[in-house]
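One file, model-v5.cif, is given below (mmCIF, C-alpha atoms).
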data_run
#
loop_
_atom_site.group_PDB
_atom_site.id
_atom_site.type_symbol
_atom_site.label_atom_id
_atom_site.label_comp_id
_atom_site.auth_asym_id
_atom_site.auth_seq_id
_atom_site.Cartn_x
_atom_site.Cartn_y
_atom_site.Cartn_z
ATOM 1 C CA MET E 1 -24.259 15.136 50.763
ATOM 2 C CA ASN E 2 -23.987 12.177 48.445
ATOM 3 C CA ARG E 3 -23.591 12.930 44.782
ATOM 4 C CA PRO E 4 -25.761 10.972 42.359
ATOM 5 C CA PRO E 5 -23.803 8.319 40.449
ATOM 6 C CA ARG E 6 -22.668 9.303 37.008
ATOM 7 C CA PRO E 7 -24.377 7.410 34.160
ATOM 8 C CA GLN E 8 -22.099 4.865 32.505
ATOM 9 C CA LEU E 9 -22.478 3.088 29.188
ATOM 10 C CA THR E 10 -22.501 -0.685 29.240
ATOM 11 C CA TRP E 11 -20.127 -2.462 26.880
ATOM 12 C CA ARG E 12 -23.078 -3.336 24.627
ATOM 13 C CA ALA E 13 -24.134 0.305 24.423
ATOM 14 C CA THR E 14 -20.527 1.265 23.758
ATOM 15 C CA ALA E 15 -20.387 -1.241 20.908
ATOM 16 C CA VAL E 16 -23.583 0.196 19.388
ATOM 17 C CA VAL E 17 -22.244 3.756 19.623
ATOM 18 C CA LEU E 18 -18.948 2.757 18.022
ATOM 19 C CA ALA E 19 -20.746 0.877 15.241
ATOM 20 C CA LEU E 20 -22.835 3.972 14.519
ATOM 21 C CA LEU E 21 -19.677 6.076 14.409
ATOM 22 C CA VAL E 22 -18.083 3.671 11.900
ATOM 23 C CA SER E 23 -21.240 3.765 9.755
ATOM 24 C CA LEU E 24 -21.287 7.564 9.904
ATOM 25 C CA LEU E 25 -17.607 7.685 8.948
ATOM 26 C CA ALA E 26 -18.234 5.400 5.965
ATOM 27 C CA ALA E 27 -21.212 7.490 4.840
ATOM 28 C CA VAL E 28 -19.250 10.759 5.080
ATOM 29 C CA ILE E 29 -16.352 9.264 3.103
ATOM 30 C CA ALA E 30 -18.658 7.878 0.403
ATOM 31 C CA VAL E 31 -20.598 11.131 -0.001
ATOM 32 C CA ASN E 32 -17.472 13.294 -0.139
ATOM 33 C CA SER E 33 -15.462 11.086 -2.509
ATOM 34 C CA PRO E 34 -14.827 13.122 -5.671
ATOM 35 C CA ILE E 35 -15.801 11.743 -9.067
ATOM 36 C CA PRO E 36 -12.615 10.362 -10.735
ATOM 37 C CA VAL E 37 -11.498 12.616 -13.590
ATOM 38 C CA ILE E 38 -8.290 12.900 -15.636
ATOM 39 C CA ALA E 39 -7.837 15.978 -17.818
ATOM 40 C CA GLU E 40 -4.449 16.497 -19.525
ATOM 41 C CA GLN E 41 -3.071 18.439 -22.482
ATOM 42 C CA TYR E 42 0.213 17.914 -24.370
ATOM 43 C CA GLY E 43 0.611 20.435 -27.174
ATOM 44 C CA ASP E 44 -2.220 19.714 -29.620
ATOM 45 C CA THR E 45 -3.243 16.570 -27.705
ATOM 46 C CA THR E 46 -6.212 16.866 -25.330
ATOM 47 C CA LEU E 47 -7.220 13.994 -23.034
ATOM 48 C CA PHE E 48 -10.327 13.622 -20.878
ATOM 49 C CA PHE E 49 -11.271 10.470 -18.927
ATOM 50 C CA ALA E 50 -13.995 10.257 -16.249
ATOM 51 C CA ALA E 51 -16.247 7.832 -14.371
ATOM 52 C CA ASP E 52 -19.904 8.435 -13.525
ATOM 53 C CA ARG E 53 -19.328 7.720 -9.795
ATOM 54 C CA ALA E 54 -16.530 7.158 -7.315
ATOM 55 C CA TRP E 55 -17.676 3.896 -5.656
ATOM 56 C CA SER E 56 -18.492 0.345 -6.729
ATOM 57 C CA LEU E 57 -20.253 -1.429 -3.845
ATOM 58 C CA TYR E 58 -20.297 -5.155 -4.683
ATOM 59 C CA PRO E 59 -18.787 -7.645 -7.170
ATOM 60 C CA GLY E 60 -20.327 -7.085 -10.579
ATOM 61 C CA ASP E 61 -21.313 -3.496 -9.776
ATOM 62 C CA CYS E 62 -19.783 -1.683 -12.747
ATOM 63 C CA VAL E 63 -19.201 2.018 -13.306
ATOM 64 C CA ALA E 64 -19.530 3.857 -16.607
ATOM 65 C CA VAL E 65 -16.214 5.214 -17.907
ATOM 66 C CA GLU E 66 -16.287 7.883 -20.620
ATOM 67 C CA TRP E 67 -13.486 9.458 -22.640
ATOM 68 C CA SER E 68 -12.880 12.162 -25.191
ATOM 69 C CA VAL E 69 -9.426 12.588 -26.742
ATOM 70 C CA GLU E 70 -8.086 14.695 -29.603
ATOM 71 C CA GLY E 71 -4.760 14.794 -31.417
ATOM 72 C CA ILE E 72 -3.639 11.192 -30.757
ATOM 73 C CA GLU E 73 -2.291 8.327 -32.842
ATOM 74 C CA SER E 74 -3.829 5.477 -30.813
ATOM 75 C CA LEU E 75 -5.890 4.793 -27.696
ATOM 76 C CA HIS E 76 -6.249 1.553 -25.730
ATOM 77 C CA ILE E 77 -8.577 1.099 -22.750
ATOM 78 C CA GLU E 78 -7.987 -2.047 -20.704
ATOM 79 C CA GLU E 79 -5.740 -3.270 -23.556
ATOM 80 C CA ARG E 80 -8.487 -2.868 -26.168
ATOM 81 C CA GLY E 81 -8.231 -0.357 -29.003
ATOM 82 C CA GLU E 82 -10.842 2.407 -28.990
ATOM 83 C CA ILE E 83 -11.788 5.474 -31.034
ATOM 84 C CA GLY E 84 -11.336 9.028 -29.734
ATOM 85 C CA TYR E 85 -14.586 9.258 -27.780
ATOM 86 C CA GLY E 86 -17.064 6.890 -26.193
ATOM 87 C CA GLU E 87 -18.264 5.166 -23.046
ATOM 88 C CA LYS E 88 -17.920 1.642 -21.627
ATOM 89 C CA ALA E 89 -18.462 -0.298 -18.412
ATOM 90 C CA PHE E 90 -15.572 -0.946 -16.030
ATOM 91 C CA CYS E 91 -16.076 -3.576 -13.308
ATOM 92 C CA PRO E 92 -13.527 -3.303 -10.450
ATOM 93 C CA GLN E 93 -12.046 -6.396 -8.818
ATOM 94 C CA ILE E 94 -9.967 -7.030 -5.711
ATOM 95 C CA ASN E 95 -6.510 -5.514 -6.292
ATOM 96 C CA ARG E 96 -7.652 -4.256 -9.709
ATOM 97 C CA ILE E 97 -9.591 -1.078 -9.065
ATOM 98 C CA SER E 98 -8.200 1.286 -11.707
ATOM 99 C CA ALA E 99 -9.229 1.581 -15.360
ATOM 100 C CA ARG E 100 -6.095 1.724 -17.534
ATOM 101 C CA PHE E 101 -5.780 4.110 -20.512
ATOM 102 C CA GLU E 102 -2.841 3.822 -22.924
ATOM 103 C CA VAL E 103 -2.273 6.737 -25.301
ATOM 104 C CA ARG E 104 0.257 7.303 -28.082
ATOM 105 C CA THR E 105 0.581 10.953 -29.140
ATOM 106 C CA PRO E 106 1.825 12.301 -32.509
ATOM 107 C CA ASP E 107 5.197 13.229 -30.979
ATOM 108 C CA GLY E 108 5.880 9.478 -30.660
ATOM 109 C CA LEU E 109 5.600 9.286 -26.866
ATOM 110 C CA TYR E 110 3.550 6.629 -25.145
ATOM 111 C CA ARG E 111 1.701 7.430 -21.907
ATOM 112 C CA GLU E 112 -0.433 5.541 -19.375
ATOM 113 C CA PHE E 113 -3.233 6.862 -17.161
ATOM 114 C CA TRP E 114 -5.089 5.103 -14.348
ATOM 115 C CA LEU E 115 -8.631 6.124 -13.356
ATOM 116 C CA ARG E 116 -9.061 4.886 -9.793
ATOM 117 C CA ILE E 117 -12.442 3.624 -8.560
ATOM 118 C CA HIS E 118 -13.158 2.892 -4.888
ATOM 119 C CA PHE E 119 -14.288 -0.757 -4.635
ATOM 120 C CA LEU E 120 -15.933 -1.704 -1.312
ATOM 121 C CA PRO E 121 -14.931 -5.432 -1.306
ATOM 122 C CA ASP E 122 -11.327 -4.427 -2.036
ATOM 123 C CA LEU E 123 -11.439 -1.971 0.882
ATOM 124 C CA LEU E 124 -12.852 -4.647 3.232
ATOM 125 C CA VAL E 125 -10.172 -7.176 2.276
ATOM 126 C CA TYR E 126 -7.502 -4.533 2.828
ATOM 127 C CA LEU E 127 -9.007 -3.609 6.211
ATOM 128 C CA ALA E 128 -9.060 -7.260 7.315
ATOM 129 C CA GLY E 129 -5.349 -7.607 6.610
ATOM 130 C CA PHE E 130 -4.540 -4.216 8.133
ATOM 131 C CA LEU E 131 -6.487 -4.962 11.331
ATOM 132 C CA GLY E 132 -4.940 -8.421 11.607
ATOM 133 C CA VAL E 133 -1.381 -7.108 11.476
ATOM 134 C CA ALA E 134 -2.035 -4.037 13.648
ATOM 135 C CA SER E 135 -4.020 -6.018 16.241
ATOM 136 C CA SER E 136 -1.338 -8.702 16.506
ATOM 137 C CA LEU E 137 1.344 -6.116 17.170
ATOM 138 C CA GLY E 138 -0.961 -4.286 19.587
ATOM 139 C CA LEU E 139 -1.617 -7.444 21.606
ATOM 140 C CA ALA E 140 2.091 -8.191 21.742
ATOM 141 C CA VAL E 141 2.787 -4.693 23.082
ATOM 142 C CA TYR E 142 -0.084 -5.059 25.561
ATOM 143 C CA PHE E 143 1.336 -8.280 26.980
ATOM 144 C CA LEU E 144 4.750 -6.682 27.256
ATOM 145 C CA TRP E 145 3.272 -3.642 29.020
ATOM 146 C CA THR E 146 1.155 -5.607 31.518
ATOM 147 C CA ASN E 147 3.798 -8.332 31.926
ATOM 148 C CA ARG E 148 1.148 -10.991 32.334
ATOM 149 C CA LEU E 149 -1.217 -12.998 30.196
ATOM 150 C CA GLU E 150 -4.073 -13.234 32.704
ATOM 151 C CA ARG E 151 -5.010 -9.544 32.707
ATOM 152 C CA SER E 152 -8.195 -9.137 30.712
ATOM 153 C CA LEU E 153 -8.719 -6.575 27.983
ATOM 154 C CA ASN E 154 -11.186 -3.760 28.587
ATOM 155 C CA PRO E 155 -13.960 -4.165 25.978
ATOM 156 C CA ARG E 156 -14.544 -0.417 25.767
ATOM 157 C CA TRP E 157 -10.907 0.349 25.017
ATOM 158 C CA VAL E 158 -10.790 -2.544 22.554
ATOM 159 C CA GLY E 159 -13.764 -0.985 20.750
ATOM 160 C CA VAL E 160 -12.191 2.463 20.713
ATOM 161 C CA ALA E 161 -8.907 1.026 19.412
ATOM 162 C CA LEU E 162 -10.768 -0.954 16.736
ATOM 163 C CA VAL E 163 -12.653 2.111 15.495
ATOM 164 C CA SER E 164 -9.422 4.113 15.452
ATOM 165 C CA LEU E 165 -7.689 1.392 13.421
ATOM 166 C CA ILE E 166 -10.615 1.206 10.989
ATOM 167 C CA ALA E 167 -10.511 4.974 10.470
ATOM 168 C CA LEU E 168 -6.735 4.868 9.965
ATOM 169 C CA GLY E 169 -6.954 1.920 7.565
ATOM 170 C CA ILE E 170 -9.680 3.571 5.474
ATOM 171 C CA SER E 171 -7.727 6.806 5.246
ATOM 172 C CA LEU E 172 -4.560 4.958 4.182
ATOM 173 C CA ARG E 173 -6.383 2.973 1.507
ATOM 174 C CA LEU E 174 -8.410 5.839 0.061
ATOM 175 C CA SER E 175 -5.637 8.441 0.118
ATOM 176 C CA ALA E 176 -3.051 6.407 -1.764
ATOM 177 C CA PRO E 177 -0.339 8.671 -3.216
ATOM 178 C CA ASP E 178 -0.183 9.326 -6.948
ATOM 179 C CA ARG E 179 2.148 7.238 -9.063
ATOM 180 C CA PRO E 180 5.494 9.007 -9.602
ATOM 181 C CA SER E 181 5.911 10.328 -13.140
ATOM 182 C CA LEU E 182 8.331 12.458 -15.131
ATOM 183 C CA GLU E 183 7.903 14.368 -18.426
ATOM 184 C CA VAL E 184 10.830 16.171 -20.106
ATOM 185 C CA ASP E 185 11.209 17.799 -23.527
ATOM 186 C CA ASP E 186 14.424 19.789 -24.121
ATOM 187 C CA GLY E 187 13.927 20.170 -27.876
ATOM 188 C CA GLN E 188 16.267 17.273 -28.687
ATOM 189 C CA VAL E 189 15.057 14.428 -26.461
ATOM 190 C CA LYS E 190 11.531 13.739 -25.204
ATOM 191 C CA VAL E 191 11.113 11.497 -22.148
ATOM 192 C CA ALA E 192 8.055 10.163 -20.343
ATOM 193 C CA MET E 193 8.661 7.872 -17.354
ATOM 194 C CA TRP E 194 6.324 6.581 -14.639
ATOM 195 C CA ALA E 195 6.139 3.917 -11.914
ATOM 196 C CA GLU E 196 3.315 1.443 -11.254
ATOM 197 C CA LYS E 197 3.088 2.568 -7.588
ATOM 198 C CA ALA E 198 4.570 5.164 -5.272
ATOM 199 C CA SER E 199 6.703 3.190 -2.818
ATOM 200 C CA LEU E 200 8.773 0.110 -2.026
ATOM 201 C CA ILE E 201 7.887 -0.787 1.559
ATOM 202 C CA PHE E 202 9.261 -4.300 1.983
ATOM 203 C CA PRO E 203 12.875 -5.487 1.619
ATOM 204 C CA LYS E 204 13.638 -7.070 -1.775
ATOM 205 C CA GLU E 205 10.441 -5.592 -3.227
ATOM 206 C CA CYS E 206 10.351 -4.431 -6.864
ATOM 207 C CA LEU E 207 8.033 -2.353 -9.034
ATOM 208 C CA ASP E 208 7.611 -1.744 -12.764
ATOM 209 C CA ILE E 209 9.075 1.381 -14.351
ATOM 210 C CA SER E 210 7.630 2.270 -17.766
ATOM 211 C CA LEU E 211 9.395 4.698 -20.080
ATOM 212 C CA SER E 212 8.922 6.214 -23.517
ATOM 213 C CA VAL E 213 11.714 8.137 -25.255
ATOM 214 C CA VAL E 214 12.051 9.921 -28.604
ATOM 215 C CA GLY E 215 15.331 11.273 -30.053
ATOM 216 C CA GLN E 216 17.765 8.945 -28.293
ATOM 217 C CA GLN E 217 20.859 7.044 -29.442
ATOM 218 C CA SER E 218 21.062 4.822 -26.375
ATOM 219 C CA LEU E 219 19.333 4.308 -23.025
ATOM 220 C CA ARG E 220 20.360 2.951 -19.641
ATOM 221 C CA LEU E 221 18.006 2.520 -16.691
ATOM 222 C CA ASN E 222 19.733 1.969 -13.345
ATOM 223 C CA GLY E 223 22.927 1.184 -15.250
ATOM 224 C CA GLU E 224 21.395 -1.462 -17.555
ATOM 225 C CA GLU E 225 20.901 -1.079 -21.313
ATOM 226 C CA VAL E 226 17.302 -0.606 -22.448
ATOM 227 C CA SER E 227 15.905 -1.423 -25.886
ATOM 228 C CA LEU E 228 12.662 0.268 -26.894
ATOM 229 C CA ALA E 229 9.821 -1.387 -28.778
ATOM 230 C CA GLY E 230 7.715 1.287 -30.439
ATOM 231 C CA ASN E 231 9.397 3.990 -28.342
ATOM 232 C CA TRP E 232 8.278 2.177 -25.151
ATOM 233 C CA ALA E 233 9.848 -0.196 -22.622
ATOM 234 C CA GLN E 234 9.238 -1.513 -19.116
ATOM 235 C CA ARG E 235 11.856 -2.550 -16.543
ATOM 236 C CA LYS E 236 12.005 -3.538 -12.880
ATOM 237 C CA HIS E 237 13.183 -1.174 -10.149
ATOM 238 C CA CYS E 238 14.014 -2.843 -6.812
ATOM 239 C CA ASP E 239 15.062 -1.410 -3.460
ATOM 240 C CA ALA E 240 18.659 -2.399 -4.273
ATOM 241 C CA HIS E 241 18.625 0.277 -6.992
ATOM 242 C CA GLY E 242 18.107 3.005 -4.395
ATOM 243 C CA ARG E 243 15.500 5.692 -3.840
ATOM 244 C CA ALA E 244 15.339 6.860 -7.460
ATOM 245 C CA ALA E 245 15.074 5.201 -10.869
ATOM 246 C CA VAL E 246 17.895 6.795 -12.874
ATOM 247 C CA LEU E 247 17.545 7.037 -16.665
ATOM 248 C CA GLU E 248 20.631 7.923 -18.718
ATOM 249 C CA VAL E 249 19.921 9.051 -22.282
ATOM 250 C CA VAL E 250 22.415 9.805 -25.044
ATOM 251 C CA GLY E 251 20.568 11.996 -27.517
ATOM 252 C CA ALA E 252 20.997 12.271 -31.274
ATOM 253 C CA ASP E 253 23.284 15.258 -30.602
ATOM 254 C CA GLY E 254 25.683 12.986 -28.660
ATOM 255 C CA ILE E 255 25.026 14.714 -25.316
ATOM 256 C CA GLU E 256 24.332 12.482 -22.309
ATOM 257 C CA ARG E 257 21.352 13.387 -20.155
ATOM 258 C CA GLN E 258 20.289 11.956 -16.796
ATOM 259 C CA TYR E 259 16.808 11.879 -15.288
ATOM 260 C CA ALA E 260 15.758 10.608 -11.849
ATOM 261 C CA LEU E 261 12.306 9.358 -10.859
ATOM 262 C CA PRO E 262 12.072 9.441 -7.013
ATOM 263 C CA ILE E 263 10.694 6.311 -5.334
ATOM 264 C CA PHE E 264 9.871 6.110 -1.619
ATOM 265 C CA ALA E 265 11.992 3.165 -0.406
ATOM 266 C CA PRO E 266 12.752 3.331 3.358
ATOM 267 C CA PHE E 267 14.839 0.134 3.331
ATOM 268 C CA ALA E 268 16.841 0.857 0.175
ATOM 269 C CA SER E 269 20.100 1.200 2.146
ATOM 270 C CA LEU E 270 19.544 -2.265 3.685
ATOM 271 C CA ALA E 271 18.744 -4.040 0.421
ATOM 272 C CA HIS E 272 21.920 -6.163 0.514
ATOM 273 C CA ILE E 273 20.784 -7.942 3.709
ATOM 274 C CA PRO E 274 19.209 -11.384 3.008
ATOM 275 C CA VAL E 275 15.436 -11.716 3.407
ATOM 276 C CA PHE E 276 15.972 -14.549 5.928
ATOM 277 C CA PHE E 277 17.603 -12.035 8.278
ATOM 278 C CA TYR E 278 14.478 -9.842 8.292
ATOM 279 C CA LEU E 279 12.154 -12.812 8.791
ATOM 280 C CA SER E 280 14.256 -14.201 11.638
ATOM 281 C CA LEU E 281 14.533 -10.805 13.320
ATOM 282 C CA PHE E 282 10.777 -10.249 13.098
ATOM 283 C CA ALA E 283 9.993 -13.740 14.430
ATOM 284 C CA LEU E 284 12.393 -13.378 17.378
ATOM 285 C CA LEU E 285 11.109 -9.905 18.228
ATOM 286 C CA LEU E 286 7.462 -10.986 18.136
ATOM 287 C CA ALA E 287 8.239 -14.092 20.206
ATOM 288 C CA ALA E 288 10.097 -11.942 22.737
ATOM 289 C CA LEU E 289 7.194 -9.507 23.033
ATOM 290 C CA VAL E 290 4.694 -12.294 23.675
ATOM 291 C CA TYR E 291 6.629 -15.007 25.530
ATOM 292 C CA LEU E 292 9.428 -13.276 27.415
ATOM 293 C CA PRO E 293 7.140 -11.380 29.854
ATOM 294 C CA MET E 294 5.300 -14.639 30.525
ATOM 295 C CA ALA E 295 8.582 -16.446 31.088
ATOM 296 C CA LEU E 296 9.818 -13.800 33.515
ATOM 297 C CA GLU E 297 6.525 -13.819 35.429
ATOM 298 C CA LYS E 298 6.550 -17.607 35.658
ATOM 299 C CA THR E 299 10.185 -17.677 36.755
ATOM 300 C CA ARG E 300 9.584 -15.087 39.474
ATOM 301 C CA GLY E 301 6.586 -17.046 40.772
ATOM 302 C CA MET E 302 8.582 -20.259 40.952
ATOM 303 C CA ILE E 303 11.445 -18.603 42.817
ATOM 304 C CA ILE E 304 9.075 -17.051 45.379
ATOM 305 C CA THR E 305 6.814 -20.038 46.003
ATOM 306 C CA ARG E 306 9.295 -22.873 45.682
ATOM 307 C CA GLY E 307 12.840 -23.459 46.647
ATOM 308 C CA GLY E 308 14.870 -25.459 44.225
ATOM 309 C CA GLY E 309 12.483 -24.830 41.327
ATOM 310 C CA SER E 310 15.300 -23.952 38.961
ATOM 311 C CA SER E 311 14.755 -27.005 36.764
ATOM 312 C CA ARG E 312 11.176 -25.911 36.020
ATOM 313 C CA CYS E 313 12.381 -22.404 35.218
ATOM 314 C CA LEU E 314 14.964 -23.755 32.806
ATOM 315 C CA ARG E 315 12.358 -25.897 31.085
ATOM 316 C CA PHE E 316 10.039 -22.911 30.675
ATOM 317 C CA LEU E 317 12.819 -20.775 29.209
ATOM 318 C CA TYR E 318 13.733 -23.640 26.899
ATOM 319 C CA ALA E 319 10.085 -23.750 25.731
ATOM 320 C CA TYR E 320 10.285 -20.024 24.991
ATOM 321 C CA VAL E 321 13.433 -20.445 22.885
ATOM 322 C CA VAL E 322 11.846 -23.292 20.921
ATOM 323 C CA SER E 323 8.694 -21.210 20.358
ATOM 324 C CA ALA E 324 10.773 -18.283 19.164
ATOM 325 C CA ILE E 325 12.613 -20.465 16.662
ATOM 326 C CA TRP E 326 9.461 -22.039 15.243
ATOM 327 C CA LEU E 327 7.289 -18.921 15.157
#
Produce structure tokens that represent the structure in this file.
Amino acid sequence: MNRPPRPQLTWRATAVVLALLVSLLAAVIAVNSPIPVIAEQYGDTTLFFAADRAWSLYPGDCVAVEWSVEGIESLHIEERGEIGYGEKAFCPQINRISARFEVRTPDGLYREFWLRIHFLPDLLVYLAGFLGVASSLGLAVYFLWTNRLERSLNPRWVGVALVSLIALGISLRLSAPDRPSLEVDDGQVKVAMWAEKASLIFPKECLDISLSVVGQQSLRLNGEEVSLAGNWAQRKHCDAHGRAAVLEVVGADGIERQYALPIFAPFASLAHIPVFFYLSLFALLLAALVYLPMALEKTRGMIITRGGGSSRCLRFLYAYVVSAIWL
């Protein structure tokens, strides 16, 4: 008894289904994105910052940012002085999606807060770069796995992989970790320290460390002297400094204190290696993944089909070496 054939989706139907899944994913994320709110209290100082919505959908689409603060000396929003309560428009841009609040409290400390808005064009630009890098590496691995260039890619699996990468990229972009920060008050010295971002991913990368200190005689950040302007300063922290920004404070009582702000830096132990080494290693590895399987396949074919084809094999391997150098 013959069984009826199982229904199968065509590649066009598969593409439509995957597109609907991506649209559904985007809708679920947008609906469930919480409204950005910052609510903090430091002694008699109360801070409240909020936006009216979580998403800005196109360039020029601005959100309304409101604030209400009590017990402060000064407040700046996007580098402009403001009174203790009010509302204003904030228009996100690519790579500038957070409204910046700068507050100075009566204890003399300076603090920064960032109200993050999800900006759709920024997310799309990020996804384009993420998919480009991930797809390039995926194709290189595919060619290494199949050991031949002629084998075609299955459109269905390409679609599934693309949707998976889009979901991963969106989750990475929208769930960015909080900026590292540190607040200490031991009765003699008050310290506030924070970083502009949470990690140092690339070799030789640096980030800004901001700090505000009251009650100090001297300061050293990562072994270098720091001079404060209005109880505030900003310095660079690079992967060569290690996985923590170390602040050494000598208080008015003459006692030395040390504070560490952890920074995620996976390549901190390799910071002394020149950048050219990383670039060369990456280029050679990528060239090997793409060209070496092709070279081996071509060499094997020449040996089987032709006797005395060694000169052609050598020329092909030479072309691979040249490609690897110039990639």
Practice item. Go ahead and find all residues with at least one atom no further than 10 Å from (-16.9, 2.1, 20.1) in the file's coordinates, using all atoms listed in the file; report them as a PyMOL selection string. Key: chain E and resi 11-22+155-164
Practice item. Expand the PyMOL selection byres ((chain E and resi 76) around 12) into the individual residues it matches in the shown file, reporting them as a PyMOL selection string. Key: chain E and resi 67+69+72-75+77-85+99-104+110-114
Practice item. Taking the file as shown, find all residues satisfying the PyMOL selection byres ((chain E and resi 268) around 10) and write them as a VMD selection string. Key: chain E and resid 200 to 205 238 to 244 263 to 267 269 to 272
Point to revise | Residue neighbourhood E:Gly254, 12 Å, all atoms listed in the file, exclusion window fewer than 2 positions, as a list in words | key: Gln188, Val189, Gly215, Gln216, Gln217, Ser218, Val249, Val250, Gly251, Ala252, Glu256 and Arg257 of chain E
Exercise for review: For atom CA of E:Ser56 and atom CA of E:Leu24, determine how far apart the two atoms are, in Å to one decimal place.
Suggested key: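 Result for atom CA of E:Ser56 versus atom CA of E:Leu24: 18.3 Å, one decimal.
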Exercise for review: Kindly give the distance, in Å, that separates atom CA of E:Ala51 and atom CA of E:Pro34, rounded to a single decimal.
Suggested key: 10.3 Å
Practice item. Quick one: everything within 12 Å of E:Ala134, counting all atoms listed in the file, minus sequence neighbours fewer than 6 positions away in the same chain. Send it as a list in words. Key: Leu127, Ala128, Ala140, Val141, Ala161, Leu162, Ser164, Leu165, Ile166, Leu168 and Gly169 of chain E
Point to revise | Resolved residues for the PyMOL selection byres ((chain E and resi 120) around 7) as a list in words | key: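 Selected by the PyMOL selection byres ((chain E and resi 120) around 7) in this file: Ser56, Leu57, Tyr58, His118, Phe119, Pro121, Asp122, Leu123 and Leu124 of chain E.
Residues lying within 9 Å of E:Leu207, counting all atoms listed in the file and ignoring same-chain neighbours fewer than 4 positions away, are Ala195, Glu196, Lys197, Ser199, Leu200, Arg235, Lys236, His237 and Cys238 of chain E.
Residues within 9 Å of E:Ile35, counting only C-alpha atoms and excluding same-chain residues fewer than 6 positions away, are Ala50, Ala51, Asp52, Arg53, Ala54, Trp55 and Ile117 of chain E.
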Check your understanding: So what do you get for atom CA of E:Asp208 versus atom CA of E:Leu228, distance-wise?
Key ->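 Between atom CA of E:Asp208 and atom CA of E:Leu228 the gap works out to 15.1 Å.
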Practice item. Around the point (-6.2, 16.3, -20.1), in the coordinates given by the file, pick out the residues reaching within 10 Å, counting all atoms listed in the file, and return them as a PyMOL selection string. Key: chain E and resi 37-42+45-49+68-70
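In terms of minimum interatomic distance to E:Tyr142, E:Asn154 ranks closest within E:Asn154, E:Trp194, E:Gln258, E:Arg179, counting only C-alpha atoms.
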Output, as AutoDock Vina command-line options, the centre and edge lengths in Å (one decimal) of the axis-aligned box that contains all listed atoms of stretch 226-233 of chain E with 6 Å of margin on each side.
--center_x 12.5 --center_y 1.3 --center_z -26.4 --size_x 21.6 --size_y 17.4 --size_z 20.0
**Study point:** Selection: 12 Å around E:Gly230, all atoms listed in the file, excl. self and same-chain fewer than 6 positions, as a ChimeraX atom specification
**Key:** /E:104,108-110,211-214
Review point. Closest to E:Ile97 among E:Glu66, E:Asp61, E:Glu225, E:Asp186, using all atoms listed in the file?
Key: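 Among the listed residues, the smallest separation from E:Ile97 belongs to E:Asp61.
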